[in-house]
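Trainee: First the structure, which I've put down as structure tokens, then a few questions once you've had a look.
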Amino acid sequence: MDFIQHILQGMGLESLGLENWGSATPAYLLLLPLALLPLLARGHSAFAYPSIARLPIDPLSTWLECLWRMLGALAIGFIALGLAGFYCGSHSIERVGRGAHIMLVLDRSASMNDNFADKANQESSKMEVARRVLQTFVSKSREDLLGMVTFNTSPILAAPLGGDKEAVLSALKATEAGGMGFTAVARGLGMALDSYEGKPVTGARVVVLASDGGAHLESKTQDMLRNMFHRQGASLYWIFLRTANSPGLSKPEEEGNDDAYPEYHLHRFFGSMGVPYKAYEAENPQAVEQAVTDIARLKNQPVRYQEAAPRRDLSAIFYWLAFLCACGLLAFHFTEVKQWRTA
């Protein structure tokens, strides 16, 4: 077992305990008793002499015979272990990166299927543009920790915060089905902030909200979000995807009609939370790309994080060990005495 552990150390798996081992096809372990055959069998070549009992004992030959039998037993045992498909279970690998901890929060409500306010850019919906630009942003990201939450009436953790960019890109690709439901901004932001819970604060924490607004927040909900942003030490960037006929974020309030412009009230609340906040009022695809370019300039100090690694198949190790034993058997075969030398 120490020999196998030494091999695992050479593969960078020294931190794994035996409790992480498993077998894909354990039924092949029933072949292990066959490894006793070379130890029990007593077959010898026949010579034209009635007996060699009176010849002196040769310690070297006795030792070589034991080694020969042991190699045969090990070869059979290693083949059975290889067929059993042993593997090391999933584990975490420590990575060191440099970049921000970014949670993407993408609005998937029905209003995201509408076009932009800019009449010259009516060929794509807000959802299509946001998805395309965020995919480019994620692809160009170097060592950022990325995660993604989508929301409409309810939020969904599409990709956990980590170094797996492919998971985030797959989550963005899944938004091709379009949007539906209402705009529950608070619930989407709350799930994104929960992703930072329990993780060390080693650099900038950024929440990127891509939404067209249209949500009213009660005072209790506002207090909850404000406390969560302060507790997690996160900043907020809002890419406001302006819909056609929308007044935008700078529309002044109307007397006696506080509910007329929900995006304006949401923008004003975000600015009053007391955390770093910036809004990008994007009314065409070019404005969205500019906003994402500015966010991509965020820098961060070195950060350590754990990345999940898939299980490692160890069958090849056992097959190689069986091959080495077979090579030893072949070498012994060539040194075997085939006949007695005569005077």
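Identifiers for the structure tokens are assigned positionally: chains receive A, B, ... in sequence, residues are indexed from 1 per chain, and ligands are indexed from 1 in the order shown.
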List as an MDAnalysis selection string the protein and nucleic acid residues near region 78-88 of chain A, meaning an atom at most 7 Å away when only C-alpha atoms are counted, but skip any in the same chain fewer than 3 places from it.
Mentor: chainID A and resid 20:29 31:32 74:75 311:316 318:319 321:322
Trainee: So which residues touch region 286-293 of chain A within 7 Å, counting only C-alpha atoms, skipping near sequence neighbours fewer than 5 positions away, as JSON, numbers by chain?
Mentor: {"A": [133, 137, 239, 280]}
Trainee: So, with only C-alpha atoms as the atoms that count, which of A:Thr221, A:Leu71, A:Ile156, A:Ile57 lies closest to Cys327 (chain A)?
Mentor: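 Looking only at the distances to Cys327 (chain A), the closest residue turns out to be A:Leu71.
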Trainee: Give the answer as one residue: which of A:Gly72, A:Gly147, A:Pro310, A:Gly77 has the shortest atom-to-atom distance to Leu104 (chain A), using only C-alpha atoms?
Mentor: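 Checking each candidate against Leu104 (chain A), we get A:Gly147 as the closest.
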Trainee: Return the single residue from A:Pro276, A:Pro262, A:Gly271, A:Gly198 that is closest to Gly233 (chain A), with distances computed using only C-alpha atoms.
Mentor: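 Looking only at the distances to Gly233 (chain A), the closest residue turns out to be A:Pro276.
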Trainee: Please provide as a PyMOL selection string all residues within 8 Å of Val138 (chain A), with the sequence filter that same-chain residues fewer than 3 positions apart are discarded (counting only C-alpha atoms).
Mentor: chain A and resi 134-135+141+146+165+168-169
Trainee: Go ahead and write the selection's residues with N, CA, C and O atoms as a PDB file, in the first residue's frame.
Mentor:
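Written out: out_20.pdb:
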ATOM      1  N   LEU A 134     -22.244  39.193 -22.482  1.00  0.00           N
ATOM      2  CA  LEU A 134     -21.762  38.531 -21.269  1.00  0.00           C
ATOM      3  C   LEU A 134     -20.937  37.296 -21.612  1.00  0.00           C
ATOM      4  O   LEU A 134     -19.979  36.966 -20.905  1.00  0.00           O
ATOM      5  N   GLN A 135     -21.293  36.604 -22.683  1.00  0.00           N
ATOM      6  CA  GLN A 135     -20.478  35.465 -23.119  1.00  0.00           C
ATOM      7  C   GLN A 135     -19.077  35.915 -23.503  1.00  0.00           C
ATOM      8  O   GLN A 135     -18.084  35.252 -23.164  1.00  0.00           O
ATOM      9  N   SER A 141     -12.372  36.679 -19.586  1.00  0.00           N
ATOM     10  CA  SER A 141     -11.962  36.730 -18.188  1.00  0.00           C
ATOM     11  C   SER A 141     -10.811  35.767 -17.950  1.00  0.00           C
ATOM     12  O   SER A 141     -10.848  34.616 -18.379  1.00  0.00           O
ATOM     13  N   LEU A 146     -16.061  33.464 -11.152  1.00  0.00           N
ATOM     14  CA  LEU A 146     -17.322  33.843 -11.788  1.00  0.00           C
ATOM     15  C   LEU A 146     -18.447  32.933 -11.328  1.00  0.00           C
ATOM     16  O   LEU A 146     -18.241  31.749 -11.076  1.00  0.00           O
ATOM     17  N   LYS A 165     -15.226  28.591 -15.985  1.00  0.00           N
ATOM     18  CA  LYS A 165     -15.869  29.481 -16.946  1.00  0.00           C
ATOM     19  C   LYS A 165     -16.848  28.734 -17.842  1.00  0.00           C
ATOM     20  O   LYS A 165     -17.853  29.312 -18.291  1.00  0.00           O
ATOM     21  N   VAL A 168     -20.344  28.770 -16.533  1.00  0.00           N
ATOM     22  CA  VAL A 168     -21.038  30.046 -16.720  1.00  0.00           C
ATOM     23  C   VAL A 168     -21.457  30.213 -18.180  1.00  0.00           C
ATOM     24  O   VAL A 168     -22.568  30.675 -18.470  1.00  0.00           O
ATOM     25  N   LEU A 169     -20.585  29.832 -19.112  1.00  0.00           N
ATOM     26  CA  LEU A 169     -20.936  29.937 -20.535  1.00  0.00           C
ATOM     27  C   LEU A 169     -22.109  29.028 -20.877  1.00  0.00           C
ATOM     28  O   LEU A 169     -22.995  29.408 -21.662  1.00  0.00           O
TER      29      LEU A 169
END
Trainee: Out of A:Arg242, A:Gly162, A:Ser109, A:Phe229, which residue has the shortest atom-to-atom distance to Thr183 (chain A) when counting only C-alpha atoms?
Mentor: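 Nearest candidate to Thr183 (chain A) out of A:Arg242, A:Gly162, A:Ser109, A:Phe229: A:Ser109.
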Trainee: From the set A:Val275, A:Ser111, A:Ser235, A:Ile102, which residue has the shortest atom-to-atom contact distance to Ala296 (chain A), counting only C-alpha atoms?
Mentor: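 Smallest distance to Ala296 (chain A) is found for A:Ile102.
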Trainee: Extract, using only C-alpha atoms, all DNA, RNA and protein residues at most 8 Å from region 208-219 of chain A, discarding same-chain residues fewer than 4 positions from it, and format them as a list in words.
Mentor: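 After dropping sequence-adjacent residues, the list is Ile102, Met103, Leu104, Val105, Leu106, Asp107, Ser111, Met112, Ala130, Thr183, Ala184, Val185, Ala186, Leu189, Asp223, Leu236, Tyr237, Trp238, Ile239, Phe240, Leu241, Arg242, Thr243, Asp259, Tyr261, Pro262, Glu263, His265 and Leu266 of chain A.
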Trainee: Write the selection just made, keeping N, CA, C and O atoms, as a tab-separated table (two decimals), in the first residue's frame?
Mentor:
chain	number	residue	atom	x	y	z
A	102	ILE	N	-16.87	37.87	-9.23
A	102	ILE	CA	-17.98	38.49	-9.97
A	102	ILE	C	-19.16	37.54	-10.04
A	102	ILE	O	-19.03	36.40	-10.49
A	103	MET	N	-20.31	38.02	-9.59
A	103	MET	CA	-21.56	37.30	-9.75
A	103	MET	C	-22.41	38.02	-10.79
A	103	MET	O	-22.76	39.18	-10.63
A	104	LEU	N	-22.71	37.32	-11.88
A	104	LEU	CA	-23.58	37.86	-12.92
A	104	LEU	C	-25.03	37.57	-12.55
A	104	LEU	O	-25.37	36.42	-12.26
A	105	VAL	N	-25.86	38.58	-12.58
A	105	VAL	CA	-27.28	38.43	-12.27
A	105	VAL	C	-28.06	38.87	-13.51
A	105	VAL	O	-28.12	40.06	-13.83
A	106	LEU	N	-28.63	37.91	-14.22
A	106	LEU	CA	-29.28	38.17	-15.50
A	106	LEU	C	-30.79	38.07	-15.37
A	106	LEU	O	-31.33	37.07	-14.90
A	107	ASP	N	-31.45	39.12	-15.82
A	107	ASP	CA	-32.91	39.19	-15.81
A	107	ASP	C	-33.46	38.33	-16.95
A	107	ASP	O	-33.07	38.49	-18.10
A	111	SER	N	-40.18	40.90	-20.13
A	111	SER	CA	-39.85	42.19	-20.74
A	111	SER	C	-38.48	42.18	-21.42
A	111	SER	O	-38.20	43.04	-22.25
A	112	MET	N	-37.61	41.20	-21.08
A	112	MET	CA	-36.30	41.13	-21.71
A	112	MET	C	-36.39	40.66	-23.16
A	112	MET	O	-35.40	40.72	-23.89
A	130	ALA	N	-27.67	40.97	-24.30
A	130	ALA	CA	-27.06	40.75	-22.99
A	130	ALA	C	-26.34	39.42	-22.95
A	130	ALA	O	-25.21	39.31	-22.42
A	183	THR	N	-40.34	40.41	-12.82
A	183	THR	CA	-38.97	40.83	-12.52
A	183	THR	C	-38.77	40.89	-11.02
A	183	THR	O	-39.05	41.90	-10.38
A	184	ALA	N	-38.26	39.81	-10.43
A	184	ALA	CA	-37.99	39.75	-8.99
A	184	ALA	C	-36.51	40.07	-8.76
A	184	ALA	O	-35.68	39.19	-8.47
A	185	VAL	N	-36.17	41.37	-8.88
A	185	VAL	CA	-34.78	41.78	-8.78
A	185	VAL	C	-34.20	41.46	-7.42
A	185	VAL	O	-33.07	40.96	-7.30
A	186	ALA	N	-34.94	41.73	-6.35
A	186	ALA	CA	-34.42	41.54	-4.99
A	186	ALA	C	-34.04	40.09	-4.73
A	186	ALA	O	-33.00	39.81	-4.13
A	189	LEU	N	-30.73	39.31	-6.62
A	189	LEU	CA	-29.57	39.89	-5.96
A	189	LEU	C	-29.27	39.17	-4.65
A	189	LEU	O	-28.11	38.96	-4.29
A	223	ASP	N	-34.18	47.17	3.14
A	223	ASP	CA	-33.30	47.04	4.31
A	223	ASP	C	-32.51	45.73	4.26
A	223	ASP	O	-31.32	45.69	4.61
A	236	LEU	N	-21.93	47.10	-6.65
A	236	LEU	CA	-23.00	46.79	-7.60
A	236	LEU	C	-22.82	47.58	-8.88
A	236	LEU	O	-22.61	48.80	-8.85
A	237	TYR	N	-22.89	46.87	-9.99
A	237	TYR	CA	-22.90	47.49	-11.31
A	237	TYR	C	-24.20	47.09	-12.00
A	237	TYR	O	-24.47	45.89	-12.16
A	238	TRP	N	-24.97	48.08	-12.41
A	238	TRP	CA	-26.25	47.81	-13.04
A	238	TRP	C	-26.19	48.20	-14.51
A	238	TRP	O	-26.03	49.37	-14.84
A	239	ILE	N	-26.31	47.19	-15.37
A	239	ILE	CA	-26.45	47.45	-16.81
A	239	ILE	C	-27.94	47.54	-17.09
A	239	ILE	O	-28.64	46.52	-17.21
A	240	PHE	N	-28.45	48.77	-17.15
A	240	PHE	CA	-29.87	48.99	-17.35
A	240	PHE	C	-30.18	48.93	-18.84
A	240	PHE	O	-29.76	49.78	-19.63
A	241	LEU	N	-30.89	47.88	-19.25
A	241	LEU	CA	-31.23	47.68	-20.65
A	241	LEU	C	-32.54	48.42	-20.92
A	241	LEU	O	-33.63	47.95	-20.61
A	242	ARG	N	-32.40	49.56	-21.50
A	242	ARG	CA	-33.54	50.46	-21.66
A	242	ARG	C	-34.46	50.00	-22.78
A	242	ARG	O	-34.04	49.75	-23.91
A	243	THR	N	-35.72	49.85	-22.43
A	243	THR	CA	-36.74	49.42	-23.38
A	243	THR	C	-37.28	50.61	-24.16
A	243	THR	O	-37.21	51.76	-23.70
A	259	ASP	N	-45.29	55.32	-8.35
A	259	ASP	CA	-45.12	54.02	-8.98
A	259	ASP	C	-44.98	54.11	-10.50
A	259	ASP	O	-44.93	53.09	-11.18
A	261	TYR	N	-42.49	55.17	-12.41
A	261	TYR	CA	-41.18	54.87	-12.97
A	261	TYR	C	-40.41	53.97	-12.02
A	261	TYR	O	-39.55	54.45	-11.24
A	262	PRO	N	-40.66	52.66	-12.04
A	262	PRO	CA	-39.99	51.77	-11.08
A	262	PRO	C	-38.49	51.72	-11.26
A	262	PRO	O	-37.74	51.59	-10.29
A	263	GLU	N	-37.99	51.83	-12.52
A	263	GLU	CA	-36.55	51.78	-12.73
A	263	GLU	C	-35.85	52.99	-12.09
A	263	GLU	O	-34.74	52.88	-11.58
A	265	HIS	N	-36.88	54.63	-9.36
A	265	HIS	CA	-36.88	54.41	-7.91
A	265	HIS	C	-35.85	53.33	-7.53
A	265	HIS	O	-35.19	53.44	-6.49
A	266	LEU	N	-35.72	52.32	-8.38
A	266	LEU	CA	-34.73	51.28	-8.10
A	266	LEU	C	-33.32	51.85	-8.18
A	266	LEU	O	-32.46	51.54	-7.33
Trainee: Which of these, A:Leu330, A:Leu249, A:Met127, A:Ala100, has the shortest distance to Glu281 (chain A) once you count only C-alpha atoms?
Mentor: A:Leu249
Trainee: From a DSSP calculation on the backbone, collect every residue of region 138-320 of chain A in strand (DSSP E or B) and output the set as an MDAnalysis selection string.
Mentor: chainID A and resid 145:151 155:162 205:211 234:241 243 277:282 302:309 312:313
Trainee: For the selection just defined, write its residues with C-alpha atoms to a file, as a PDB file, in the first residue's frame.
Mentor:
ATOM      1  CA  LEU A 145     -14.007  33.851  -9.954  1.00  0.00           C
ATOM      2  CA  LEU A 146     -17.322  33.843 -11.788  1.00  0.00           C
ATOM      3  CA  GLY A 147     -20.838  32.755 -10.941  1.00  0.00           C
ATOM      4  CA  MET A 148     -24.264  33.375 -12.379  1.00  0.00           C
ATOM      5  CA  VAL A 149     -27.826  33.798 -11.165  1.00  0.00           C
ATOM      6  CA  THR A 150     -30.824  34.116 -13.460  1.00  0.00           C
ATOM      7  CA  PHE A 151     -34.182  35.348 -12.255  1.00  0.00           C
ATOM      8  CA  PRO A 155     -34.107  33.116  -8.884  1.00  0.00           C
ATOM      9  CA  ILE A 156     -31.982  30.172 -10.091  1.00  0.00           C
ATOM     10  CA  LEU A 157     -28.320  29.581  -9.261  1.00  0.00           C
ATOM     11  CA  ALA A 158     -27.231  28.774 -12.802  1.00  0.00           C
ATOM     12  CA  ALA A 159     -23.492  28.506 -11.980  1.00  0.00           C
ATOM     13  CA  PRO A 160     -21.846  28.614  -8.525  1.00  0.00           C
ATOM     14  CA  LEU A 161     -19.053  31.082  -7.821  1.00  0.00           C
ATOM     15  CA  GLY A 162     -15.775  29.479  -8.893  1.00  0.00           C
ATOM     16  CA  ARG A 205     -16.656  41.441  -4.760  1.00  0.00           C
ATOM     17  CA  VAL A 206     -18.763  42.611  -7.650  1.00  0.00           C
ATOM     18  CA  VAL A 207     -22.402  41.974  -8.514  1.00  0.00           C
ATOM     19  CA  VAL A 208     -23.213  42.719 -12.163  1.00  0.00           C
ATOM     20  CA  LEU A 209     -26.946  43.140 -12.700  1.00  0.00           C
ATOM     21  CA  ALA A 210     -28.194  42.998 -16.302  1.00  0.00           C
ATOM     22  CA  SER A 211     -31.852  43.970 -16.194  1.00  0.00           C
ATOM     23  CA  ALA A 234     -19.878  43.849  -2.435  1.00  0.00           C
ATOM     24  CA  SER A 235     -20.229  46.598  -5.030  1.00  0.00           C
ATOM     25  CA  LEU A 236     -23.003  46.786  -7.599  1.00  0.00           C
ATOM     26  CA  TYR A 237     -22.902  47.495 -11.311  1.00  0.00           C
ATOM     27  CA  TRP A 238     -26.253  47.808 -13.042  1.00  0.00           C
ATOM     28  CA  ILE A 239     -26.453  47.447 -16.815  1.00  0.00           C
ATOM     29  CA  PHE A 240     -29.872  48.987 -17.347  1.00  0.00           C
ATOM     30  CA  LEU A 241     -31.232  47.677 -20.647  1.00  0.00           C
ATOM     31  CA  THR A 243     -36.741  49.421 -23.378  1.00  0.00           C
ATOM     32  CA  TYR A 277     -22.519  51.567  -7.219  1.00  0.00           C
ATOM     33  CA  LYS A 278     -22.568  52.535 -10.860  1.00  0.00           C
ATOM     34  CA  ALA A 279     -25.364  52.337 -13.401  1.00  0.00           C
ATOM     35  CA  TYR A 280     -24.979  52.057 -17.161  1.00  0.00           C
ATOM     36  CA  GLU A 281     -28.033  53.193 -19.054  1.00  0.00           C
ATOM     37  CA  ALA A 282     -27.756  51.089 -22.189  1.00  0.00           C
ATOM     38  CA  PRO A 302      -4.082  37.351  -5.487  1.00  0.00           C
ATOM     39  CA  VAL A 303      -6.793  35.020  -4.266  1.00  0.00           C
ATOM     40  CA  ARG A 304      -6.771  31.357  -3.297  1.00  0.00           C
ATOM     41  CA  TYR A 305      -9.790  29.222  -4.070  1.00  0.00           C
ATOM     42  CA  GLN A 306     -10.781  25.573  -4.204  1.00  0.00           C
ATOM     43  CA  GLU A 307     -11.687  24.070  -7.566  1.00  0.00           C
ATOM     44  CA  ALA A 308     -13.557  20.781  -7.789  1.00  0.00           C
ATOM     45  CA  ALA A 309     -11.676  18.128  -9.760  1.00  0.00           C
ATOM     46  CA  ARG A 312      -9.140   9.965 -11.393  1.00  0.00           C
ATOM     47  CA  ASP A 313      -9.170   6.511 -12.985  1.00  0.00           C
TER      48      ASP A 313
END
